[in-house]
$ cat coords-v2.txt   # compact mmCIF, C-alpha atoms and all ligand atoms
# COMPACT_ATOMS: atom_id res chain seq x y z
CA MET E 1 210.77 105.14 113.56
CA LYS E 2 207.58 107.05 114.05
CA VAL E 3 208.55 110.74 114.16
CA ILE E 4 206.11 113.25 115.65
CA VAL E 5 207.01 116.92 115.24
CA VAL E 6 205.33 119.29 117.68
CA LYS E 7 205.46 123.05 118.13
CA ASP E 8 207.30 123.14 121.43
CA GLN E 9 208.23 121.18 124.53
CA ALA E 10 204.85 121.78 126.18
CA ALA E 11 203.10 120.14 123.20
CA GLY E 12 205.74 117.39 123.30
CA GLY E 13 204.82 116.66 126.92
CA LYS E 14 201.21 116.08 125.88
CA GLU E 15 202.30 113.65 123.12
CA GLY E 16 204.68 111.88 125.48
CA TYR E 17 201.93 111.51 128.04
CA LYS E 18 199.75 109.78 125.41
CA VAL E 19 202.49 107.22 124.80
CA PHE E 20 202.59 106.40 128.53
CA LYS E 21 198.81 106.26 128.71
CA ASP E 22 198.57 103.88 125.74
CA ALA E 23 201.32 101.69 127.15
CA LEU E 24 199.50 101.38 130.48
CA ALA E 25 196.23 100.64 128.67
CA ASN E 26 198.03 97.90 126.74
CA GLY E 27 199.25 96.26 129.93
CA ALA E 28 202.76 97.69 130.32
CA LYS E 29 204.09 97.01 133.80
CA VAL E 30 207.73 98.08 133.63
CA PHE E 31 208.73 101.63 132.67
CA GLY E 32 212.26 102.73 131.93
CA LEU E 33 212.64 106.35 133.01
CA ALA E 34 215.01 109.19 132.19
CA THR E 35 216.13 112.42 133.81
CA GLY E 36 217.23 115.77 132.39
CA SER E 37 215.12 118.73 131.33
CA THR E 38 213.58 116.91 128.35
CA PRO E 39 211.07 114.53 130.00
CA ILE E 40 209.88 117.11 132.53
CA THR E 41 206.79 118.18 130.55
CA THR E 42 205.79 114.56 130.01
CA TYR E 43 206.17 113.88 133.74
CA LYS E 44 204.08 117.00 134.48
CA GLU E 45 201.26 115.75 132.26
CA ILE E 46 201.43 112.39 134.02
CA VAL E 47 201.39 114.03 137.46
CA ASN E 48 198.29 116.03 136.46
CA SER E 49 196.50 112.95 135.16
CA ASP E 50 194.73 110.02 136.75
CA LEU E 51 197.30 107.49 135.51
CA ASP E 52 198.17 105.01 138.22
CA PHE E 53 201.56 103.29 138.45
CA SER E 54 201.11 101.73 141.87
CA ASN E 55 201.21 98.27 140.28
CA CYS E 56 204.18 99.08 138.08
CA THR E 57 207.95 98.99 138.31
CA SER E 58 210.29 101.75 137.17
CA ILE E 59 213.95 101.41 136.23
CA ASN E 60 216.00 104.54 135.59
CA LEU E 61 218.62 104.84 132.92
CA ASP E 62 221.46 106.28 134.91
CA GLU E 63 222.86 107.95 138.03
CA TYR E 64 225.96 109.97 138.83
CA VAL E 65 228.78 108.20 140.64
CA GLY E 66 229.61 109.61 144.07
CA ILE E 67 226.34 111.41 144.71
CA ALA E 68 223.99 110.42 147.53
CA PRO E 69 220.30 109.79 146.75
CA ASP E 70 219.21 112.72 148.92
CA ASN E 71 221.59 115.14 147.18
CA GLU E 72 219.50 117.58 145.14
CA GLN E 73 221.65 116.91 142.07
CA SER E 74 221.12 113.16 142.16
CA TYR E 75 218.87 111.56 139.59
CA LYS E 76 217.08 109.84 142.45
CA TYR E 77 216.17 113.26 143.89
CA PHE E 78 215.07 114.44 140.43
CA MET E 79 212.76 111.45 140.05
CA GLN E 80 211.28 111.92 143.53
CA SER E 81 210.46 115.57 142.93
CA ASN E 82 209.37 115.35 139.29
CA LEU E 83 207.37 112.13 139.40
CA PHE E 84 207.54 109.68 142.29
CA ASN E 85 206.23 111.98 145.05
CA ASP E 86 202.99 112.33 143.08
CA LYS E 87 202.95 109.07 141.16
CA PRO E 88 204.54 106.33 143.23
CA PHE E 89 205.47 103.04 141.60
CA LYS E 90 205.26 99.69 143.38
CA GLN E 91 209.03 99.50 143.05
CA SER E 92 211.50 102.03 141.64
CA TYR E 93 215.11 101.23 140.80
CA LEU E 94 218.04 103.57 140.14
CA PRO E 95 221.73 102.75 140.20
CA ASP E 96 223.27 103.43 143.63
CA GLY E 97 225.63 106.37 143.11
CA LEU E 98 227.39 105.55 146.37
CA ALA E 99 227.94 101.85 145.66
CA SER E 100 231.31 100.92 147.16
CA ASP E 101 231.80 98.11 144.65
CA PRO E 102 230.94 99.48 141.17
CA GLU E 103 231.39 96.06 139.52
CA ALA E 104 228.86 94.49 141.88
CA GLU E 105 226.49 97.44 141.34
CA VAL E 106 226.64 97.02 137.58
CA LYS E 107 225.80 93.31 137.93
CA ARG E 108 222.98 94.05 140.36
CA TYR E 109 221.47 96.53 137.92
CA ASP E 110 221.75 94.18 134.94
CA LYS E 111 219.93 91.51 136.95
CA ILE E 112 217.15 93.99 137.80
CA ILE E 113 216.71 94.73 134.07
CA ASP E 114 216.80 91.03 133.17
CA ASP E 115 214.24 90.20 135.85
CA ASN E 116 211.96 93.10 134.84
CA PRO E 117 211.97 93.43 131.05
CA ILE E 118 211.16 97.03 130.18
CA ASP E 119 207.91 97.60 128.28
CA LEU E 120 208.40 101.32 127.58
CA GLN E 121 211.67 103.22 127.89
CA ILE E 122 211.69 107.01 127.67
CA LEU E 123 214.93 108.61 126.47
CA GLY E 124 216.33 112.11 126.17
CA LEU E 125 219.10 112.91 123.74
CA GLY E 126 222.48 114.44 124.47
CA ARG E 127 223.75 117.22 122.21
CA ASN E 128 226.43 114.81 121.02
CA GLY E 129 223.87 112.07 120.34
CA HIS E 130 224.25 110.22 123.64
CA ILE E 131 221.39 108.27 125.16
CA GLY E 132 221.46 107.45 128.85
CA PHE E 133 225.13 108.27 129.40
CA ASN E 134 226.31 106.23 126.41
CA GLU E 135 228.75 108.69 124.92
CA PRO E 136 229.98 108.64 121.29
CA GLY E 137 232.24 105.64 120.69
CA THR E 138 230.48 103.42 123.25
CA ALA E 139 230.34 99.78 122.15
CA ARG E 140 226.87 98.63 121.34
CA ASP E 141 226.93 95.26 123.06
CA VAL E 142 227.53 96.74 126.50
CA THR E 143 224.93 96.52 129.28
CA THR E 144 225.12 98.56 132.51
CA HIS E 145 228.55 100.11 133.00
CA VAL E 146 230.49 102.95 134.57
CA VAL E 147 231.00 105.82 132.13
CA ASP E 148 233.62 108.56 132.06
CA LEU E 149 231.59 111.61 131.04
CA THR E 150 232.86 113.63 128.09
CA PRO E 151 233.80 117.32 128.53
CA SER E 152 230.77 118.28 126.38
CA THR E 153 228.36 116.37 128.65
CA ILE E 154 229.96 117.80 131.79
CA GLU E 155 229.60 121.28 130.33
CA ALA E 156 225.98 120.65 129.26
CA ASN E 157 225.03 119.36 132.71
CA ALA E 158 226.88 122.13 134.61
CA ARG E 159 223.70 124.25 134.50
CA PHE E 160 222.28 121.98 137.23
CA PHE E 161 225.32 122.44 139.52
CA ALA E 162 226.91 125.40 141.29
CA SER E 163 229.90 125.15 138.95
CA GLU E 164 231.31 122.90 136.24
CA ASN E 165 233.82 121.57 138.79
CA ASP E 166 230.97 120.17 140.86
CA VAL E 167 229.65 117.99 138.02
CA PRO E 168 230.56 114.35 138.68
CA LYS E 169 233.04 112.93 136.19
CA GLN E 170 231.49 109.47 136.08
CA ALA E 171 228.06 107.88 135.99
CA PHE E 172 226.42 104.47 136.02
CA SER E 173 224.41 103.99 132.87
CA MET E 174 222.35 101.30 131.25
CA GLY E 175 224.20 100.30 128.11
CA LEU E 176 222.97 100.49 124.54
CA ALA E 177 222.30 96.74 124.61
CA SER E 178 220.11 97.17 127.71
CA ILE E 179 218.19 100.03 126.09
CA MET E 180 217.65 98.14 122.83
CA LYS E 181 216.02 95.25 124.75
CA SER E 182 213.06 97.47 125.75
CA LYS E 183 209.87 96.62 123.91
CA HIS E 184 208.99 100.20 122.97
CA LEU E 185 211.27 103.24 123.00
CA LEU E 186 210.12 106.84 123.29
CA LEU E 187 212.81 109.42 122.51
CA GLU E 188 212.13 113.10 123.10
CA ALA E 189 214.31 116.05 122.05
CA PHE E 190 213.53 119.75 122.19
CA GLY E 191 215.45 122.85 121.15
CA ASP E 192 217.83 123.79 118.37
CA ASN E 193 220.88 122.57 120.28
CA LYS E 194 219.57 119.04 119.68
CA ALA E 195 219.07 119.49 115.90
CA ASP E 196 222.41 117.94 114.85
CA ALA E 197 221.94 114.95 117.14
CA VAL E 198 218.37 114.47 115.88
CA LYS E 199 219.59 114.51 112.28
CA GLY E 200 222.32 112.00 113.08
CA MET E 201 219.86 109.76 114.89
CA ILE E 202 217.24 109.72 112.12
CA GLU E 203 219.08 110.36 108.86
CA GLY E 204 222.72 109.83 109.62
CA PRO E 205 224.69 106.67 109.17
CA ASP E 206 224.17 104.04 111.83
CA THR E 207 227.43 104.63 113.70
CA VAL E 208 228.91 104.54 117.20
CA ASP E 209 229.84 108.20 116.67
CA CYS E 210 226.15 109.02 117.19
CA PRO E 211 224.96 106.53 119.83
CA ALA E 212 221.27 107.34 119.19
CA SER E 213 221.58 106.17 115.57
CA ILE E 214 221.36 102.63 116.98
CA LEU E 215 217.62 103.30 117.34
CA GLN E 216 217.31 102.92 113.55
CA ASN E 217 217.60 99.18 114.27
CA HIS E 218 214.79 98.99 116.85
CA PRO E 219 211.37 97.83 115.63
CA ASP E 220 209.23 100.12 117.79
CA VAL E 221 210.50 103.67 118.36
CA THR E 222 208.46 106.84 118.77
CA VAL E 223 210.41 110.09 118.42
CA ILE E 224 208.83 113.31 119.67
CA ILE E 225 210.70 116.47 118.67
CA ASP E 226 209.83 120.12 118.46
CA GLU E 227 210.23 122.23 115.34
CA ALA E 228 213.61 123.57 116.51
CA ALA E 229 215.04 120.08 117.07
CA ALA E 230 213.61 118.99 113.69
CA SER E 231 215.08 122.00 111.86
CA LYS E 232 217.97 120.11 110.23
CA LEU E 233 215.92 117.17 108.94
C1 LIG E 301 222.03 113.73 130.47
C2 LIG E 301 221.29 112.44 130.79
C3 LIG E 301 220.53 111.93 129.61
C4 LIG E 301 219.74 113.08 129.01
C5 LIG E 301 220.68 114.12 128.46
C6 LIG E 301 219.96 115.32 127.86
O1 LIG E 301 223.34 113.54 130.11
N1 LIG E 301 222.10 111.38 131.29
O2 LIG E 301 219.69 110.86 130.01
O3 LIG E 301 218.93 112.59 127.99
O4 LIG E 301 221.51 114.58 129.49
O5 LIG E 301 219.61 116.22 128.86
P1 LIG E 301 218.49 117.30 128.75
O6 LIG E 301 217.21 116.56 128.66
O7 LIG E 301 218.57 118.10 130.01
O8 LIG E 301 218.78 118.09 127.53
$ encode --input "coords-v2.txt" --output "structure tokens"
Amino acid sequence: MKVIVVKDQAAGGKEGYKVFKDALANGAKVFGLATGSTPITTYKEIVNSDLDFSNCTSINLDEYVGIAPDNEQSYKYFMQSNLFNDKPFKQSYLPDGLASDPEAEVKRYDKIIDDNPIDLQILGLGRNGHIGFNEPGTARDVTTHVVDLTPSTIEANARFFASENDVPKQAFSMGLASIMKSKHLLLEAFGDNKADAVKGMIEGPDTVDCPASILQNHPDVTVIIDEAAASKL
């Protein structure tokens, strides 16, 4: 793992942007994207740049179950407003939160990933070490699946909703096996509430209790963290 420690999230966005820029320069065509507050500064740098993704494909990590794409809390809406409105891709995929047949949706998404191998996948990090929505205990050989969110994740994500009760209880998520197939992984984490998860990911045992520790087994991972998130290393 290549670990880059920066002062704060704004500086992290600049480093993250460089990773995207280099990937494009090296011919990357498929980008795995993430939501949450973490990648926002990287997306801002991209929006303010001349990078062009109009020949590229994007595939998002996850989406809440039961939420329509035009709902402001959906990950689709997040991607539109934080990136796609300014930097459109030739084709952008997210799981369909309203899919009436979740099994069929999971298969459809796996086929999309198989047909479009991801060159660069950006990841945030949950406080409990989750990546995508792969919560602690998730088996590592799983591809896209429906996840029951843990109370800690529901609580952490409640800040985006009117109340904790409004946070969906389930999500579609790429699995750890899907994530590990990406050629290059870029994980970002900022703030002291990520420090334990960062320590587990980098220095801890490689265990399902900290899903992100699986990244220790990937040959090409860049980790961008701020000083607060690095404070327990
Ligand atoms: C959510 C998302 C993850 C994200 C994590 C951290 O649960 N599914 O993809 O990485 O939260 O969120 P944040 O970046 O807002 O701290």
$ closest_residue --input "coords-v2.txt" --among "E:Thr150, E:Asn71, E:Asn26, E:Asn48" --to "ligand LIG 301 (chain E)" --atoms "all atoms listed in the file"
E:Thr150
$ residues_around --input "coords-v2.txt" --residues "Lys107 (chain E)" --least-positions-apart "4" --cutoff "12 Å" --atoms "only C-alpha atoms" --output "PDB file with C-alpha atoms, keeping the file's coordinate frame"
ATOM      1  CA  PRO E  95     221.730 102.750 140.200  1.00  0.00           C
ATOM      2  CA  ASP E  96     223.270 103.430 143.630  1.00  0.00           C
ATOM      3  CA  ALA E  99     227.940 101.850 145.660  1.00  0.00           C
ATOM      4  CA  ASP E 101     231.800  98.110 144.650  1.00  0.00           C
ATOM      5  CA  PRO E 102     230.940  99.480 141.170  1.00  0.00           C
ATOM      6  CA  GLU E 103     231.390  96.060 139.520  1.00  0.00           C
ATOM      7  CA  LYS E 111     219.930  91.510 136.950  1.00  0.00           C
ATOM      8  CA  ILE E 112     217.150  93.990 137.800  1.00  0.00           C
ATOM      9  CA  ILE E 113     216.710  94.730 134.070  1.00  0.00           C
ATOM     10  CA  ASP E 114     216.800  91.030 133.170  1.00  0.00           C
ATOM     11  CA  THR E 143     224.930  96.520 129.280  1.00  0.00           C
ATOM     12  CA  THR E 144     225.120  98.560 132.510  1.00  0.00           C
ATOM     13  CA  HIS E 145     228.550 100.110 133.000  1.00  0.00           C
ATOM     14  CA  VAL E 146     230.490 102.950 134.570  1.00  0.00           C
ATOM     15  CA  PHE E 172     226.420 104.470 136.020  1.00  0.00           C
ATOM     16  CA  SER E 173     224.410 103.990 132.870  1.00  0.00           C
ATOM     17  CA  MET E 174     222.350 101.300 131.250  1.00  0.00           C
TER      18      MET E 174
END
$ closest_residue --input "coords-v2.txt" --among "E:Tyr17, E:Tyr77, E:Tyr109, E:Phe160" --to "Ile46 (chain E)" --atoms "all atoms listed in the file"
E:Tyr17
$ closest_residue --input "coords-v2.txt" --among "E:Glu203, E:Asp166, E:Glu188, E:Asp110" --to "ligand LIG 301 (chain E)" --atoms "only C-alpha atoms and all ligand atoms"
E:Glu188
$ residues_around --input "coords-v2.txt" --residues "Thr35 (chain E)" --least-positions-apart "3" --cutoff "10 Å" --atoms "only C-alpha atoms" --output "number ranges by chain"
E: 38-40, 60-63, 74-76, 78-79, 82, 122-124, 132
$ residues_around --input "coords-v2.txt" --residues "region 88-91 of chain E" --least-positions-apart "5" --cutoff "9 Å" --atoms "all atoms listed in the file" --output "PyMOL selection string"
chain E and resi 52-59+80+83
$ closest_residue --input "coords-v2.txt" --among "E:Thr222, E:Asn128, E:Thr42, E:Ser49" --to "Gly13 (chain E)" --atoms "all atoms listed in the file"
E:Thr42
$ closest_residue --input "coords-v2.txt" --among "E:Leu98, E:Ile154, E:Ala162, E:Val3" --to "Ala189 (chain E)" --atoms "all atoms listed in the file"
E:Val3
$ atom_distance --input "coords-v2.txt" --atom1 "CA of Asp22 (chain E)" --atom2 "CA of Phe84 (chain E)"
19.7 Å
$ closest_residue --input "coords-v2.txt" --among "E:Pro151, E:Pro205, E:Gly27, E:Pro69" --to "ligand LIG 301 (chain E)" --atoms "all atoms listed in the file"
E:Pro151
$ axis_aligned_box --input "coords-v2.txt" --around "region 1-15 of chain E" --padding-each-side "6 Å" --output "lines of an AutoDock Vina configuration file"
center_x = 206.0
center_y = 114.1
center_z = 120.2
size_x = 21.6
size_y = 30.0
size_z = 25.4
$ residues_around --input "coords-v2.txt" --residues "Asp209 (chain E)" --least-positions-apart "2" --cutoff "9 Å" --atoms "only C-alpha atoms" --output "PyMOL selection string"
chain E and resi 128-129+135-138+206-207+211-213
$ residues_around --input "coords-v2.txt" --residues "Leu120 (chain E)" --least-positions-apart "4" --cutoff "7 Å" --atoms "only C-alpha atoms" --output "ChimeraX atom specification"
/E:30-32,182-185
$ decode --input "coords-v2.txt" --residues "region 53-160 of chain E" --atoms "C-alpha atoms" --output "mmCIF file, in the first residue's frame"
data_model
loop_
_atom_site.group_PDB
_atom_site.id
_atom_site.type_symbol
_atom_site.label_atom_id
_atom_site.label_comp_id
_atom_site.auth_asym_id
_atom_site.auth_seq_id
_atom_site.Cartn_x
_atom_site.Cartn_y
_atom_site.Cartn_z
ATOM 1 C CA PHE E 53 -14.535 11.476 -19.094
ATOM 2 C CA SER E 54 -16.845 11.592 -22.089
ATOM 3 C CA ASN E 55 -15.205 8.444 -23.454
ATOM 4 C CA CYS E 56 -15.244 6.657 -20.111
ATOM 5 C CA THR E 57 -17.599 4.473 -18.127
ATOM 6 C CA SER E 58 -18.363 4.854 -14.426
ATOM 7 C CA ILE E 59 -19.673 2.188 -12.073
ATOM 8 C CA ASN E 60 -20.728 3.172 -8.561
ATOM 9 C CA LEU E 61 -20.120 1.057 -5.509
ATOM 10 C CA ASP E 62 -23.547 1.102 -3.965
ATOM 11 C CA GLU E 63 -27.071 2.493 -3.675
ATOM 12 C CA TYR E 64 -29.747 2.458 -1.001
ATOM 13 C CA VAL E 65 -32.624 0.030 -1.442
ATOM 14 C CA GLY E 66 -36.051 1.648 -1.795
ATOM 15 C CA ILE E 67 -34.897 5.103 -2.832
ATOM 16 C CA ALA E 68 -35.693 6.577 -6.255
ATOM 17 C CA PRO E 69 -32.857 8.006 -8.369
ATOM 18 C CA ASP E 70 -34.335 11.514 -8.216
ATOM 19 C CA ASN E 71 -34.597 11.434 -4.410
ATOM 20 C CA GLU E 72 -32.036 13.875 -3.004
ATOM 21 C CA GLN E 73 -30.720 11.190 -0.647
ATOM 22 C CA SER E 74 -30.037 8.689 -3.405
ATOM 23 C CA TYR E 75 -26.463 8.016 -4.425
ATOM 24 C CA LYS E 76 -27.532 8.618 -8.009
ATOM 25 C CA TYR E 77 -28.584 12.165 -7.059
ATOM 26 C CA PHE E 78 -25.298 12.647 -5.179
ATOM 27 C CA MET E 79 -23.290 11.623 -8.231
ATOM 28 C CA GLN E 80 -25.305 13.885 -10.538
ATOM 29 C CA SER E 81 -24.791 16.936 -8.362
ATOM 30 C CA ASN E 82 -21.193 16.305 -7.276
ATOM 31 C CA LEU E 83 -19.736 15.071 -10.557
ATOM 32 C CA PHE E 84 -21.868 13.988 -13.498
ATOM 33 C CA ASN E 85 -23.617 17.323 -14.173
ATOM 34 C CA ASP E 86 -20.199 18.877 -14.799
ATOM 35 C CA LYS E 87 -18.232 15.849 -15.951
ATOM 36 C CA PRO E 88 -20.489 13.482 -17.847
ATOM 37 C CA PHE E 89 -19.310 9.965 -18.613
ATOM 38 C CA LYS E 90 -20.217 8.100 -21.788
ATOM 39 C CA GLN E 91 -22.109 5.660 -19.581
ATOM 40 C CA SER E 92 -22.704 5.711 -15.822
ATOM 41 C CA TYR E 93 -24.011 2.756 -13.844
ATOM 42 C CA LEU E 94 -25.457 2.620 -10.323
ATOM 43 C CA PRO E 95 -27.538 -0.122 -8.759
ATOM 44 C CA ASP E 96 -31.274 0.536 -9.181
ATOM 45 C CA GLY E 97 -32.574 1.222 -5.676
ATOM 46 C CA LEU E 98 -36.130 0.570 -6.842
ATOM 47 C CA ALA E 99 -35.428 -2.760 -8.547
ATOM 48 C CA SER E 100 -38.467 -4.967 -7.976
ATOM 49 C CA ASP E 101 -36.385 -8.137 -8.234
ATOM 50 C CA PRO E 102 -33.242 -7.653 -6.077
ATOM 51 C CA GLU E 103 -31.762 -10.995 -7.185
ATOM 52 C CA ALA E 104 -32.006 -9.999 -10.842
ATOM 53 C CA GLU E 105 -30.569 -6.560 -10.032
ATOM 54 C CA VAL E 106 -27.564 -8.101 -8.304
ATOM 55 C CA LYS E 107 -26.910 -10.308 -11.353
ATOM 56 C CA ARG E 108 -27.338 -7.374 -13.728
ATOM 57 C CA TYR E 109 -24.791 -5.366 -11.759
ATOM 58 C CA ASP E 110 -22.268 -8.201 -11.605
ATOM 59 C CA LYS E 111 -22.508 -8.553 -15.378
ATOM 60 C CA ILE E 112 -21.892 -4.811 -15.809
ATOM 61 C CA ILE E 113 -18.723 -5.120 -13.697
ATOM 62 C CA ASP E 114 -17.596 -8.246 -15.569
ATOM 63 C CA ASP E 115 -18.182 -6.567 -18.930
ATOM 64 C CA ASN E 116 -16.395 -3.362 -17.856
ATOM 65 C CA PRO E 117 -13.383 -4.258 -15.721
ATOM 66 C CA ILE E 118 -12.654 -1.335 -13.427
ATOM 67 C CA ASP E 119 -9.306 0.415 -13.955
ATOM 68 C CA LEU E 120 -9.479 2.731 -10.932
ATOM 69 C CA GLN E 121 -11.846 2.353 -7.989
ATOM 70 C CA ILE E 122 -12.144 5.142 -5.423
ATOM 71 C CA LEU E 123 -13.242 4.102 -1.930
ATOM 72 C CA GLY E 124 -14.232 5.846 1.274
ATOM 73 C CA LEU E 125 -13.966 4.110 4.613
ATOM 74 C CA GLY E 126 -16.696 3.518 7.164
ATOM 75 C CA ARG E 127 -15.943 4.206 10.829
ATOM 76 C CA ASN E 128 -16.234 0.462 11.412
ATOM 77 C CA GLY E 129 -13.872 -0.323 8.531
ATOM 78 C CA HIS E 130 -16.532 -0.949 5.885
ATOM 79 C CA ILE E 131 -15.870 -0.298 2.220
ATOM 80 C CA GLY E 132 -18.794 0.154 -0.144
ATOM 81 C CA PHE E 133 -21.452 -1.191 2.214
ATOM 82 C CA ASN E 134 -19.472 -4.325 3.091
ATOM 83 C CA GLU E 135 -19.980 -4.338 6.831
ATOM 84 C CA PRO E 136 -17.762 -6.183 9.345
ATOM 85 C CA GLY E 137 -18.218 -9.941 9.018
ATOM 86 C CA THR E 138 -18.987 -9.824 5.278
ATOM 87 C CA ALA E 139 -17.586 -12.821 3.413
ATOM 88 C CA ARG E 140 -14.785 -11.919 1.095
ATOM 89 C CA ASP E 141 -15.797 -13.984 -1.908
ATOM 90 C CA VAL E 142 -19.104 -12.172 -2.362
ATOM 91 C CA THR E 143 -19.815 -9.987 -5.399
ATOM 92 C CA THR E 144 -22.776 -7.581 -5.616
ATOM 93 C CA HIS E 145 -25.347 -8.251 -2.905
ATOM 94 C CA VAL E 146 -28.083 -6.761 -0.756
ATOM 95 C CA VAL E 147 -26.753 -5.634 2.620
ATOM 96 C CA ASP E 148 -28.545 -5.102 5.921
ATOM 97 C CA LEU E 149 -26.923 -1.925 7.237
ATOM 98 C CA THR E 150 -25.519 -2.027 10.762
ATOM 99 C CA PRO E 151 -26.862 0.349 13.445
ATOM 100 C CA SER E 152 -23.492 2.177 13.421
ATOM 101 C CA THR E 153 -23.697 2.829 9.657
ATOM 102 C CA ILE E 154 -27.333 3.927 9.907
ATOM 103 C CA GLU E 155 -26.365 6.321 12.678
ATOM 104 C CA ALA E 156 -23.339 7.630 10.736
ATOM 105 C CA ASN E 157 -25.420 8.248 7.617
ATOM 106 C CA ALA E 158 -28.355 9.833 9.496
ATOM 107 C CA ARG E 159 -26.688 13.250 9.092
ATOM 108 C CA PHE E 160 -27.799 13.189 5.435
#
